[in-house]
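Q: This is the structure, below, for whatever I ask next.
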Amino acid sequence: MNCRDYVIVGYGGIGSGISAQILQQAEVERLVVLSRSARTHADSRVQFVQGDVSCPETLADVFKRVSTPCCVINTIGFLHGESFTPEKRLADVKKDALLHSIEVNAYSTIALAQAIEQSFSRKQAISLVALSARVGSIADNRLGGWLSYRVSKAALNMALRTISVEWRRTRPLNLVIAYHPGTVDTALSAPFQASVPEGRLFNTQQAGRYLIDVLSQLSADDSGSFRAWDGGEIAW
Ligand SMILES: NC(=O)c1ccc[n+]([C@@H]2O[C@H](COP(=O)([O-])OP(=O)(O)OC[C@H]3O[C@@H](n4cnc5c(N)ncnc54)[C@H](OP(=O)(O)O)[C@@H]3O)[C@@H](O)[C@H]2O)c1
């Protein structure tokens, strides 16, 4: 995969780490970042757009700014909030938190894929990468817990796989993957870092570098896979 233009959705810990790594590539011409907050960047290749990923007009504006082949990376995610801690047991599940998790963690990527179809012809190669999580793997689930996060990431994974099947037929140049970044030192993982083995808590720069390395080894033939930070495949 060889892109000169990138779109990043969300500018949290991993979103900013990936952005920094992208900007280290001299051949990159443009990086458009969609964030809910107003932001600025010293690098003239960066354009920030303030808005919400669920707004079709906002996404049309974002995609108008890039040329293809380009890579779209969704880095937004929700695990915990002011009034919500990930569930330890079934009895903790609240409908509102579950639906909010699905909206942020799964629907955002579906909205992005729809906007890609609206904005680009079938002959334009686009890579769509969404940050998922290993805990969204159904096959890998032996611990339980975190029901809303697991359900929403499993829904994201199924959405990506389904989009990849459809695009293999209608947009065969496109690459669609789910990506697990490892455990990364951000606000999202901060309350849960105590049990991370030594050397396995990555900083955001590392996380960005690993993603760019993995993407550099992939082509449209790899569409429909679930990849980890080390390039290995994760069972759905
Ligand atoms: N950190 C880890 O260890 C880890 C492990 C596995 C997977 N992941 C996944 O990696 C992705 C990035 O996580 P992170 O660690 O970088 O977390 P983070 O620092 O908390 O950033 C997440 C970003 O998501 C966006 N966001 C949060 N709530 C949102 C909402 N309700 N609506 C729209 N956007 C919202 C925000 O971007 P803006 O404020 O810019 O809009 C926020 O900065 C997530 O999908 C997460 O599930 C992280």
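Ordering of the structure tokens sets the chain letters (A, B, ...); residue numbers start at 1 within each chain; ligands are numbered from 1 in the order shown.
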Let me have all residues with an atom within 6 Å of ligand 1, counting only C-alpha atoms and all ligand atoms, laid out as a list in words.

A: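 What falls inside 6 Å of ligand 1 is Gly10, Tyr11, Gly12, Gly13, Ile14, Gly15, Ser35, Arg36, Ser37, Thr75, Ile76, Gly77, Phe78, Val104, Leu131, Ser132, Ala133, His180, Pro181, Gly182, Thr183, Val184, Asp185, Thr186, Ala187, Leu188 and Ser189 of chain A.
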
Q: For the residues in that selection, give me C-alpha atoms as a CSV table (one decimal), in the first residue's frame.

A:
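Here's the written file out.csv:
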```csv
chain,number,residue,atom,x,y,z
A,10,GLY,CA,-10.2,11.1,15.8
A,11,TYR,CA,-7.1,12.8,17.3
A,12,GLY,CA,-6.8,11.1,20.6
A,13,GLY,CA,-3.6,9.3,21.8
A,14,ILE,CA,-3.3,6.8,19.0
A,15,GLY,CA,-4.7,9.1,16.3
A,35,SER,CA,-11.8,15.7,15.2
A,36,ARG,CA,-14.6,17.0,17.3
A,37,SER,CA,-12.3,19.7,18.7
A,75,THR,CA,-9.1,5.9,15.4
A,76,ILE,CA,-12.1,6.9,17.5
A,77,GLY,CA,-13.2,4.7,20.3
A,78,PHE,CA,-15.1,4.5,23.6
A,104,VAL,CA,-18.9,5.2,18.5
A,131,LEU,CA,-8.9,0.5,15.1
A,132,SER,CA,-10.6,-2.5,16.7
A,133,ALA,CA,-9.3,-4.5,19.7
A,180,HIS,CA,-5.5,-4.2,17.0
A,181,PRO,CA,-2.8,-1.7,18.1
A,182,GLY,CA,-1.7,-3.6,21.2
A,183,THR,CA,-2.0,-1.9,24.6
A,184,VAL,CA,-1.1,1.8,24.1
A,185,ASP,CA,-0.5,4.4,26.8
A,186,THR,CA,-3.6,6.7,26.3
A,187,ALA,CA,-6.5,8.0,28.2
A,188,LEU,CA,-8.6,5.1,27.0
A,189,SER,CA,-6.3,2.4,28.5
```

Q: Need to verify the contact set: A:Leu98, 8 Å, only C-alpha atoms, exclusion of same-chain residues closer than 6 positions in sequence. Can you return it as a tab-separated table (two decimals) with all heavy atoms, in the first residue's frame?

A:
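Wrote it out as out-v4.tsv, contents follow:
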```
chain	number	residue	atom	x	y	z
A	148	SER	N	-20.00	-4.31	26.82
A	148	SER	CA	-20.34	-3.30	25.80
A	148	SER	C	-19.19	-3.09	24.82
A	148	SER	O	-19.40	-2.97	23.61
A	148	SER	CB	-20.70	-1.97	26.46
A	148	SER	OG	-21.92	-2.09	27.16
A	149	TYR	N	-17.99	-3.02	25.33
A	149	TYR	CA	-16.81	-2.82	24.46
A	149	TYR	C	-16.63	-4.02	23.54
A	149	TYR	O	-16.44	-3.88	22.34
A	149	TYR	CB	-15.59	-2.60	25.33
A	149	TYR	CG	-14.34	-2.10	24.60
A	149	TYR	CD1	-14.30	-0.84	24.01
A	149	TYR	CD2	-13.20	-2.89	24.53
A	149	TYR	CE1	-13.14	-0.38	23.38
A	149	TYR	CE2	-12.04	-2.44	23.90
A	149	TYR	CZ	-12.02	-1.18	23.34
A	149	TYR	OH	-10.87	-0.73	22.70
A	152	SER	N	-19.37	-4.14	20.89
A	152	SER	CA	-19.26	-3.08	19.88
A	152	SER	C	-18.06	-3.30	18.96
A	152	SER	O	-18.13	-3.03	17.76
A	152	SER	CB	-19.19	-1.71	20.54
A	152	SER	OG	-18.07	-1.61	21.39
```

Q: Excluding A:Asn157 and residues on its chain fewer than 3 positions from it, collect all residues at most 10 Å away from it, counting only C-alpha atoms, and give them as an mmCIF file with C-alpha atoms, in the first residue's frame.

A:
```
data_model
loop_
_atom_site.group_PDB
_atom_site.id
_atom_site.type_symbol
_atom_site.label_atom_id
_atom_site.label_comp_id
_atom_site.auth_asym_id
_atom_site.auth_seq_id
_atom_site.Cartn_x
_atom_site.Cartn_y
_atom_site.Cartn_z
ATOM 1 C CA ASN A 105 -17.023 1.880 18.000
ATOM 2 C CA ALA A 106 -18.987 0.323 15.124
ATOM 3 C CA THR A 109 -16.792 3.041 10.473
ATOM 4 C CA ALA A 130 -10.449 0.830 11.699
ATOM 5 C CA LEU A 131 -8.880 0.501 15.120
ATOM 6 C CA SER A 132 -10.562 -2.499 16.662
ATOM 7 C CA ALA A 133 -9.293 -4.477 19.663
ATOM 8 C CA GLY A 136 -13.522 -7.884 19.972
ATOM 9 C CA SER A 137 -12.463 -11.318 18.697
ATOM 10 C CA ILE A 138 -15.191 -13.861 19.479
ATOM 11 C CA VAL A 151 -19.940 -6.385 21.628
ATOM 12 C CA SER A 152 -19.258 -3.081 19.875
ATOM 13 C CA LYS A 153 -15.802 -4.127 18.625
ATOM 14 C CA ALA A 154 -17.181 -7.505 17.472
ATOM 15 C CA LEU A 160 -15.527 -4.510 8.233
ATOM 16 C CA ARG A 161 -15.631 -8.102 7.070
ATOM 17 C CA THR A 162 -19.013 -7.548 5.413
ATOM 18 C CA ILE A 163 -17.852 -4.347 3.692
ATOM 19 C CA ILE A 177 -8.927 -4.194 7.627
ATOM 20 C CA ALA A 178 -9.596 -4.303 11.359
ATOM 21 C CA TYR A 179 -6.476 -3.463 13.371
ATOM 22 C CA GLY A 224 -11.049 -8.620 4.989
ATOM 23 C CA SER A 225 -8.388 -9.500 7.568
ATOM 24 C CA PHE A 226 -7.988 -8.646 11.267
ATOM 25 C CA TRP A 236 -12.362 -13.091 14.075
#
```

Q: Between A:Thr40, A:Asn2, A:Gln114, A:Gln217, which residue has the minimum interatomic distance to A:Ile22, considering only C-alpha atoms?

A: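 Of the candidates, the smallest distance to A:Ile22 is held by A:Asn2.
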